[in-house]
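Asker: The following file, my_file_17.cif, comprises mmCIF, C-alpha atoms:
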data_query
#
loop_
_atom_site.label_atom_id
_atom_site.label_comp_id
_atom_site.auth_asym_id
_atom_site.auth_seq_id
_atom_site.Cartn_x
_atom_site.Cartn_y
_atom_site.Cartn_z
CA MET A 1 24.31 -5.81 -10.09
CA THR A 2 21.08 -3.83 -10.48
CA ILE A 3 17.82 -4.76 -8.78
CA SER A 4 14.62 -4.48 -10.82
CA PRO A 5 12.14 -1.82 -9.65
CA VAL A 6 9.49 -4.49 -8.99
CA LEU A 7 11.81 -6.52 -6.74
CA SER A 8 12.82 -3.31 -5.00
CA SER A 9 9.16 -2.48 -4.34
CA ILE A 10 8.54 -5.98 -3.01
CA GLY A 11 11.53 -5.69 -0.70
CA ARG A 12 10.38 -2.33 0.66
CA SER A 13 6.85 -3.66 1.20
CA LEU A 14 8.14 -6.70 3.10
CA PHE A 15 10.40 -4.50 5.22
CA VAL A 16 7.48 -2.23 6.13
CA LEU A 17 5.22 -5.19 6.98
CA ILE A 18 7.88 -6.82 9.16
CA THR A 19 8.63 -3.53 10.92
CA LEU A 20 4.94 -2.88 11.61
CA GLY A 21 4.57 -6.45 12.86
CA GLY A 22 7.46 -5.98 15.27
CA LEU A 23 6.04 -2.71 16.59
CA TRP A 24 2.63 -4.37 16.91
CA GLN A 25 4.08 -7.26 18.95
CA LEU A 26 5.99 -4.81 21.15
CA LEU A 27 2.86 -2.76 21.77
CA VAL A 28 0.74 -5.78 22.70
CA THR A 29 3.43 -7.20 24.99
CA THR A 30 4.32 -3.93 26.70
CA LEU A 31 0.77 -2.69 27.32
CA ARG A 32 -0.68 -6.18 27.89
CA ILE A 33 -3.60 -5.46 25.61
CA PRO A 34 -6.38 -8.09 25.85
CA THR A 35 -6.64 -10.39 22.83
CA PHE A 36 -10.31 -9.49 22.28
CA ILE A 37 -9.19 -5.90 21.63
CA LEU A 38 -5.92 -6.43 19.77
CA PRO A 39 -4.51 -9.94 19.27
CA SER A 40 -0.79 -10.42 18.93
CA PRO A 41 0.83 -11.11 15.55
CA ASN A 42 1.54 -14.64 16.75
CA ALA A 43 -2.19 -15.22 17.32
CA VAL A 44 -2.99 -13.85 13.88
CA ILE A 45 -0.36 -16.09 12.25
CA SER A 46 -1.80 -19.06 14.14
CA ALA A 47 -5.29 -18.19 12.85
CA LEU A 48 -3.92 -17.96 9.31
CA ILE A 49 -2.46 -21.45 9.59
CA VAL A 50 -5.45 -23.08 11.29
CA HIS A 51 -8.05 -21.54 8.96
CA ARG A 52 -5.94 -21.48 5.81
CA ALA A 53 -8.36 -23.61 3.79
CA ILE A 54 -11.46 -21.49 4.44
CA LEU A 55 -9.47 -18.26 4.13
CA TRP A 56 -8.14 -19.39 0.76
CA GLN A 57 -11.68 -20.13 -0.47
CA GLN A 58 -12.95 -16.73 0.67
CA THR A 59 -9.94 -14.99 -0.90
CA ILE A 60 -10.65 -16.60 -4.27
CA ILE A 61 -14.25 -15.38 -4.18
CA THR A 62 -13.27 -11.84 -3.26
CA GLY A 63 -10.48 -11.92 -5.85
CA ILE A 64 -12.91 -12.86 -8.61
CA GLU A 65 -15.20 -10.00 -7.58
CA VAL A 66 -12.28 -7.57 -7.60
CA PHE A 67 -10.95 -8.61 -11.02
CA LEU A 68 -14.40 -8.55 -12.62
CA GLY A 69 -15.07 -5.17 -11.01
CA LEU A 70 -11.74 -3.84 -12.29
CA GLY A 71 -12.51 -4.98 -15.81
CA LEU A 72 -16.00 -3.47 -15.79
CA GLY A 73 -14.85 -0.24 -14.15
CA ILE A 74 -11.96 0.24 -16.59
CA ILE A 75 -14.22 -0.29 -19.60
CA MET A 76 -16.84 2.11 -18.23
CA GLY A 77 -14.20 4.71 -17.35
CA LEU A 78 -12.47 4.57 -20.74
CA LEU A 79 -15.76 4.82 -22.64
CA SER A 80 -16.88 7.77 -20.54
CA ALA A 81 -13.56 9.58 -21.06
CA VAL A 82 -13.73 9.08 -24.82
CA ILE A 83 -17.35 10.27 -24.94
CA LEU A 84 -16.45 13.37 -22.94
CA MET A 85 -13.62 14.05 -25.36
CA ILE A 86 -15.33 13.55 -28.71
CA CYS A 87 -18.79 14.83 -27.77
CA PRO A 88 -18.44 18.27 -26.12
CA ARG A 89 -22.20 18.72 -25.96
CA VAL A 90 -22.63 15.46 -24.07
CA LYS A 91 -19.96 16.59 -21.61
CA HIS A 92 -22.19 19.29 -20.12
CA TRP A 93 -24.80 16.63 -19.25
CA LEU A 94 -22.55 13.67 -18.39
CA TRP A 95 -20.09 15.49 -16.13
CA PRO A 96 -22.71 16.50 -13.49
CA ILE A 97 -23.88 12.88 -13.42
CA LEU A 98 -20.33 11.76 -12.70
CA ILE A 99 -20.01 14.28 -9.87
CA ILE A 100 -23.35 13.23 -8.36
CA SER A 101 -22.34 9.56 -8.53
CA GLN A 102 -19.30 10.32 -6.38
CA ALA A 103 -21.26 12.47 -3.93
CA ILE A 104 -23.28 9.43 -2.85
CA PRO A 105 -21.40 7.40 -0.18
CA VAL A 106 -20.64 3.85 -1.24
CA PHE A 107 -22.25 2.53 1.94
CA ALA A 108 -25.50 4.16 0.81
CA LEU A 109 -25.27 2.52 -2.62
CA ALA A 110 -24.51 -0.97 -1.32
CA PRO A 111 -27.99 -1.75 0.13
CA ILE A 112 -29.62 -0.49 -3.07
CA LEU A 113 -27.43 -2.74 -5.20
CA MET A 114 -28.26 -5.66 -2.90
CA LEU A 115 -31.97 -4.94 -3.42
CA TRP A 116 -31.63 -4.74 -7.20
CA LEU A 117 -29.06 -7.46 -7.89
CA GLY A 118 -29.43 -9.75 -4.90
CA TYR A 119 -26.82 -11.15 -2.55
CA GLY A 120 -24.77 -12.86 -5.24
CA MET A 121 -21.55 -11.79 -6.91
CA ALA A 122 -23.11 -9.28 -9.33
CA SER A 123 -23.74 -6.61 -6.69
CA LYS A 124 -20.16 -6.83 -5.38
CA VAL A 125 -18.70 -6.63 -8.90
CA LEU A 126 -20.77 -3.54 -9.66
CA MET A 127 -19.79 -1.98 -6.33
CA ALA A 128 -16.10 -2.49 -7.13
CA ALA A 129 -16.63 -1.07 -10.63
CA LEU A 130 -18.46 2.02 -9.37
CA ILE A 131 -15.79 2.88 -6.82
CA ILE A 132 -13.05 2.94 -9.50
CA PHE A 133 -15.16 4.38 -12.32
CA PHE A 134 -14.58 8.04 -11.47
CA PRO A 135 -10.75 7.90 -11.02
CA ILE A 136 -10.36 6.08 -14.33
CA THR A 137 -12.66 8.52 -16.13
CA THR A 138 -11.06 11.69 -14.80
CA CYS A 139 -7.47 10.55 -15.33
CA CYS A 140 -8.12 9.36 -18.87
CA TYR A 141 -10.09 12.47 -19.75
CA ASP A 142 -7.30 14.71 -18.44
CA GLY A 143 -4.80 12.73 -20.50
CA LEU A 144 -6.88 13.07 -23.67
CA ARG A 145 -7.22 16.82 -23.16
CA GLN A 146 -3.51 17.39 -22.60
CA ILE A 147 -2.30 16.04 -25.94
CA PRO A 148 0.39 18.37 -27.40
CA GLN A 149 -1.12 20.46 -30.17
CA GLY A 150 1.76 19.50 -32.45
CA TYR A 151 0.57 15.88 -32.47
CA LEU A 152 -2.91 16.94 -33.53
CA ASP A 153 -1.56 19.27 -36.20
CA LEU A 154 0.55 16.44 -37.62
CA ALA A 155 -2.51 14.16 -37.74
CA HIS A 156 -4.45 16.87 -39.55
CA THR A 157 -1.60 17.33 -42.04
CA LEU A 158 -1.63 13.58 -42.77
CA ASN A 159 -5.42 13.72 -43.31
CA ALA A 160 -6.08 11.35 -40.42
CA THR A 161 -9.74 10.80 -39.58
CA ARG A 162 -11.13 11.64 -36.17
CA TRP A 163 -11.06 7.99 -35.11
CA GLN A 164 -7.54 7.45 -36.43
CA THR A 165 -6.35 10.45 -34.46
CA LEU A 166 -8.06 9.13 -31.34
CA TRP A 167 -6.75 5.57 -31.71
CA ARG A 168 -3.21 6.25 -32.92
CA ILE A 169 -2.34 9.51 -31.16
CA GLN A 170 -4.65 10.56 -28.35
CA LEU A 171 -5.15 7.24 -26.58
CA PRO A 172 -1.43 6.23 -26.64
CA ALA A 173 -0.41 9.70 -25.47
CA ALA A 174 -2.96 9.49 -22.62
CA LEU A 175 -1.60 6.14 -21.35
CA PRO A 176 0.53 7.70 -18.55
CA HIS A 177 -2.59 9.40 -17.17
CA PHE A 178 -4.49 6.13 -17.49
CA ALA A 179 -1.68 4.48 -15.51
CA SER A 180 -2.27 6.95 -12.66
CA GLY A 181 -5.97 6.12 -12.60
CA LEU A 182 -5.27 2.40 -12.77
CA ARG A 183 -2.92 2.53 -9.79
CA MET A 184 -5.71 4.12 -7.74
CA ALA A 185 -8.25 1.65 -9.11
CA VAL A 186 -6.39 -1.47 -7.99
CA ILE A 187 -6.32 -0.10 -4.44
CA PHE A 188 -9.96 0.99 -4.35
CA ALA A 189 -11.51 -2.05 -6.06
CA PRO A 190 -10.96 -4.46 -3.12
CA ILE A 191 -12.55 -1.85 -0.83
CA GLY A 192 -15.67 -1.76 -2.98
CA ALA A 193 -15.96 -5.55 -3.09
CA VAL A 194 -15.53 -5.94 0.68
CA ILE A 195 -18.07 -3.19 1.41
CA GLY A 196 -20.54 -5.08 -0.74
CA GLU A 197 -19.81 -8.27 1.21
CA TRP A 198 -20.32 -6.44 4.50
CA VAL A 199 -23.79 -5.30 3.48
CA GLY A 200 -24.93 -8.71 2.32
CA ALA A 201 -23.12 -11.85 1.18
CA SER A 202 -22.73 -15.54 1.85
CA ALA A 203 -19.02 -15.78 0.99
CA GLY A 204 -15.89 -13.70 0.60
CA LEU A 205 -13.36 -12.08 2.94
CA GLY A 206 -15.86 -9.40 3.99
CA TYR A 207 -18.39 -12.07 4.95
CA PHE A 208 -15.68 -14.00 6.84
CA MET A 209 -14.75 -10.83 8.73
CA LEU A 210 -18.37 -10.23 9.78
CA GLN A 211 -18.74 -13.82 11.00
CA ALA A 212 -15.48 -13.68 12.95
CA ASN A 213 -16.47 -10.37 14.53
CA ALA A 214 -19.91 -11.67 15.52
CA GLN A 215 -18.30 -14.67 17.25
CA MET A 216 -15.58 -12.53 18.86
CA HIS A 217 -12.86 -14.44 17.02
CA ILE A 218 -10.70 -11.34 16.71
CA ALA A 219 -7.55 -13.16 15.61
CA GLU A 220 -9.47 -14.61 12.66
CA LEU A 221 -10.81 -11.13 11.87
CA PHE A 222 -7.28 -9.72 11.78
CA ALA A 223 -6.15 -12.69 9.66
CA ALA A 224 -8.75 -11.78 7.02
CA VAL A 225 -7.66 -8.13 7.17
CA PHE A 226 -4.03 -9.20 6.72
CA ILE A 227 -4.91 -11.26 3.65
CA LEU A 228 -6.86 -8.33 2.21
CA VAL A 229 -3.88 -6.01 2.72
CA LEU A 230 -1.50 -8.55 1.20
CA PHE A 231 -3.85 -9.04 -1.75
CA SER A 232 -4.09 -5.29 -2.39
CA ILE A 233 -0.31 -4.82 -2.19
CA SER A 234 0.28 -7.75 -4.54
CA LEU A 235 -2.27 -6.42 -7.00
CA TYR A 236 -0.62 -3.00 -6.90
CA LEU A 237 2.87 -4.43 -7.49
CA ILE A 238 1.63 -6.58 -10.38
CA THR A 239 0.01 -3.52 -11.91
CA GLN A 240 3.25 -1.58 -11.53
CA GLY A 241 5.16 -4.30 -13.35
CA LEU A 242 2.63 -4.45 -16.19
CA LEU A 243 2.68 -0.68 -16.58
CA ARG A 244 6.46 -0.65 -16.76
CA HIS A 245 6.30 -3.30 -19.47
CA PHE A 246 3.58 -1.71 -21.60
CA ILE A 247 4.51 1.98 -21.11
CA PRO A 248 8.32 1.82 -21.21
CA TRP A 249 8.59 5.27 -22.81
CA HIS A 250 7.14 6.95 -19.74
CA THR A 251 8.76 5.16 -16.80
CA ASP A 252 8.75 8.33 -14.67
CA THR A 253 4.99 7.88 -14.23
CA VAL A 254 5.35 4.33 -12.96
CA GLN A 255 7.44 4.51 -9.83
#
Give the structure from the file, written as structure tokens.
Answerer:
Amino acid sequence: MTISPVLSSIGRSLFVLITLGGLWQLLVTTLRIPTFILPSPNAVISALIVHRAILWQQTIITGIEVFLGLGLGIIMGLLSAVILMICPRVKHWLWPILIISQAIPVFALAPILMLWLGYGMASKVLMAALIIFFPITTCCYDGLRQIPQGYLDLAHTLNATRWQTLWRIQLPAALPHFASGLRMAVIFAPIGAVIGEWVGASAGLGYFMLQANAQMHIAELFAAVFILVLFSISLYLITQGLLRHFIPWHTDTVQ
């Protein structure tokens, strides 16, 4: 009886989480670490149960920001990669802009986005999109550049137009590279959203973490961190499953 790769990944993730939790409990018990420095896993689980309603509400808000940011970032990244590919002259001007955008720390961008877009969801969505924009662009652009010349020669022989070649040959062949960028994106997007919530927000897991820290409710702080980790792992595993389904001819890129 074979186990699907997704179930295998879930099993490994659960095993790692349980092992880390056991080591964490052993460390707290052995060293008698004060709860205001490092609460025990039992205290964190208790906080998860007691505050499950508010934590669920904050998770939904952060989740919406992450998914909207992913969608916007993927669209921006794909468009930029295609422009870089089909417009060589634009590349010399657009590429330095991409490098400069990544040279600016995200913490420096967050207050500016708050100033421009306010403390609502828009600034967090844009923050999540910006943090994944560059990985998506570079991976897709590399994939478009590494198309086997034989494919392009065949398209030319069949009198395919530039757009037909892009749509039917280059983009499908670049999907494995896009998959690599997407796997990074689903991990980075929650980071961008939470950073935006730290700078200024009235809801979300990042906001909940700041409030818990200000009130020295460290168990609640760790509960929010645990949910964020679980959310990121779940998002990654879902992405893995979707990639296996939609890119079955290149399963070696989706481990």
Asker: Using only C-alpha atoms, find each residue in region 188-252 of chain A having at least one atom no more than 12 Å away from region 129-136 of chain A; report its shortest atom-to-atom pair and that distance in Å (one decimal), rows by chain then rising number, as a Markdown table.
Answerer:
| residue | atom | partner | partner_atom | distance |
| --- | --- | --- | --- | --- |
| A:Phe188 | CA | A:Ile132 | CA | 6.3 |
| A:Ala189 | CA | A:Ile132 | CA | 6.3 |
| A:Pro190 | CA | A:Ile131 | CA | 9.5 |
| A:Ile191 | CA | A:Ile131 | CA | 8.3 |
| A:Gly192 | CA | A:Ile131 | CA | 6.0 |
| A:Ala193 | CA | A:Ala129 | CA | 8.8 |
| A:Val194 | CA | A:Ile131 | CA | 11.6 |
| A:Ile195 | CA | A:Ile131 | CA | 10.5 |
| A:Gly196 | CA | A:Ile131 | CA | 11.1 |
Asker: Since I can't run it myself right now, could you work out what the PyMOL selection byres ((chain A and resi 62-77) around 10) selects here and report it as a PyMOL selection string?
Answerer: chain A and resi 56-61+78-83+121-141+178+181-182+185-186+188-194+196-197+203-207+228+231-232+235
Asker: When you draw a straight line from CA of Gly120 (chain A) to CA of Ala201 (chain A), how long is it in Å?
Answerer: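 Interatomic distance, CA of Gly120 (chain A) to CA of Ala201 (chain A): 6.7 Å.
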Asker: Taking only residues of region 205-231 of chain A that have an atom at most 9 Å from an atom of region 26-36 of chain A, what is each one's shortest atom pair and its distance in Å to one decimal, using all atoms listed in the file, in chain and number order, as JSON lines?
Answerer:
{"residue": "A:Met216", "atom": "CA", "partner": "A:Phe36", "partner_atom": "CA", "distance": 7.0}
{"residue": "A:His217", "atom": "CA", "partner": "A:Phe36", "partner_atom": "CA", "distance": 7.7}
{"residue": "A:Ile218", "atom": "CA", "partner": "A:Phe36", "partner_atom": "CA", "distance": 5.9}
{"residue": "A:Ala219", "atom": "CA", "partner": "A:Thr35", "partner_atom": "CA", "distance": 7.8}
Asker: Go ahead and compute the interatomic distance for CA of Ala155 (chain A) and CA of Arg168 (chain A), in Å to one decimal.
Answerer: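 Straight-line distance from CA of Ala155 (chain A) to CA of Arg168 (chain A) works out to 9.3 Å.
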Asker: Excluding Ser46 (chain A) and residues on its chain fewer than 5 positions from it, collect all residues at most 12 Å away from it, counting all atoms listed in the file, and give them as a list of chain:residue names.
Answerer: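 Close residues of Ser46 (chain A): A:Pro39, A:Ser40, A:Pro41, A:His51, A:Arg52, A:Ala219, A:Glu220, A:Phe222, A:Ala223.
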Asker: Given the choices A:Gly118, A:Leu23, A:Leu38, A:Ile10, which gets closest to Ser202 (chain A) if the distance is worked out from all atoms listed in the file?
Answerer: A:Gly118
Asker: At what distance in Å, to one decimal, does CA of Leu48 (chain A) lie from CA of Ala212 (chain A)?
Answerer: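 Going from CA of Ala212 (chain A) over to CA of Leu48 (chain A), I get 12.9 Å.
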Asker: Applied to the shown file, which residues does the PyMOL selection byres ((chain A and resi 86) around 12) return, written as an NGL selection string?
Answerer: :A and (79-85 or 87-91 or 141 or 144-145 or 162-163 or 165-166 or 170)
Asker: From the set A:Ser8, A:Ser13, A:Leu117, A:Ile54, which residue has the shortest atom-to-atom contact distance to Ser234 (chain A), counting only C-alpha atoms?
Answerer: A:Ser13
Asker: Tell me which of A:Ala224, A:Ile99, A:Ile238, A:Leu230 sits closest to Ala47 (chain A), counting all atoms listed in the file.
Answerer: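 When distances to Ala47 (chain A) are compared using all atoms listed in the file, the smallest one comes from A:Ala224.
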Asker: Looking at A:Ile100, A:Val199, A:Ile37, A:Leu237, which one is nearest to Tyr119 (chain A), with distances taken over all atoms listed in the file?
Answerer: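 Residue with the minimum atom-to-atom distance to Tyr119 (chain A): A:Val199.
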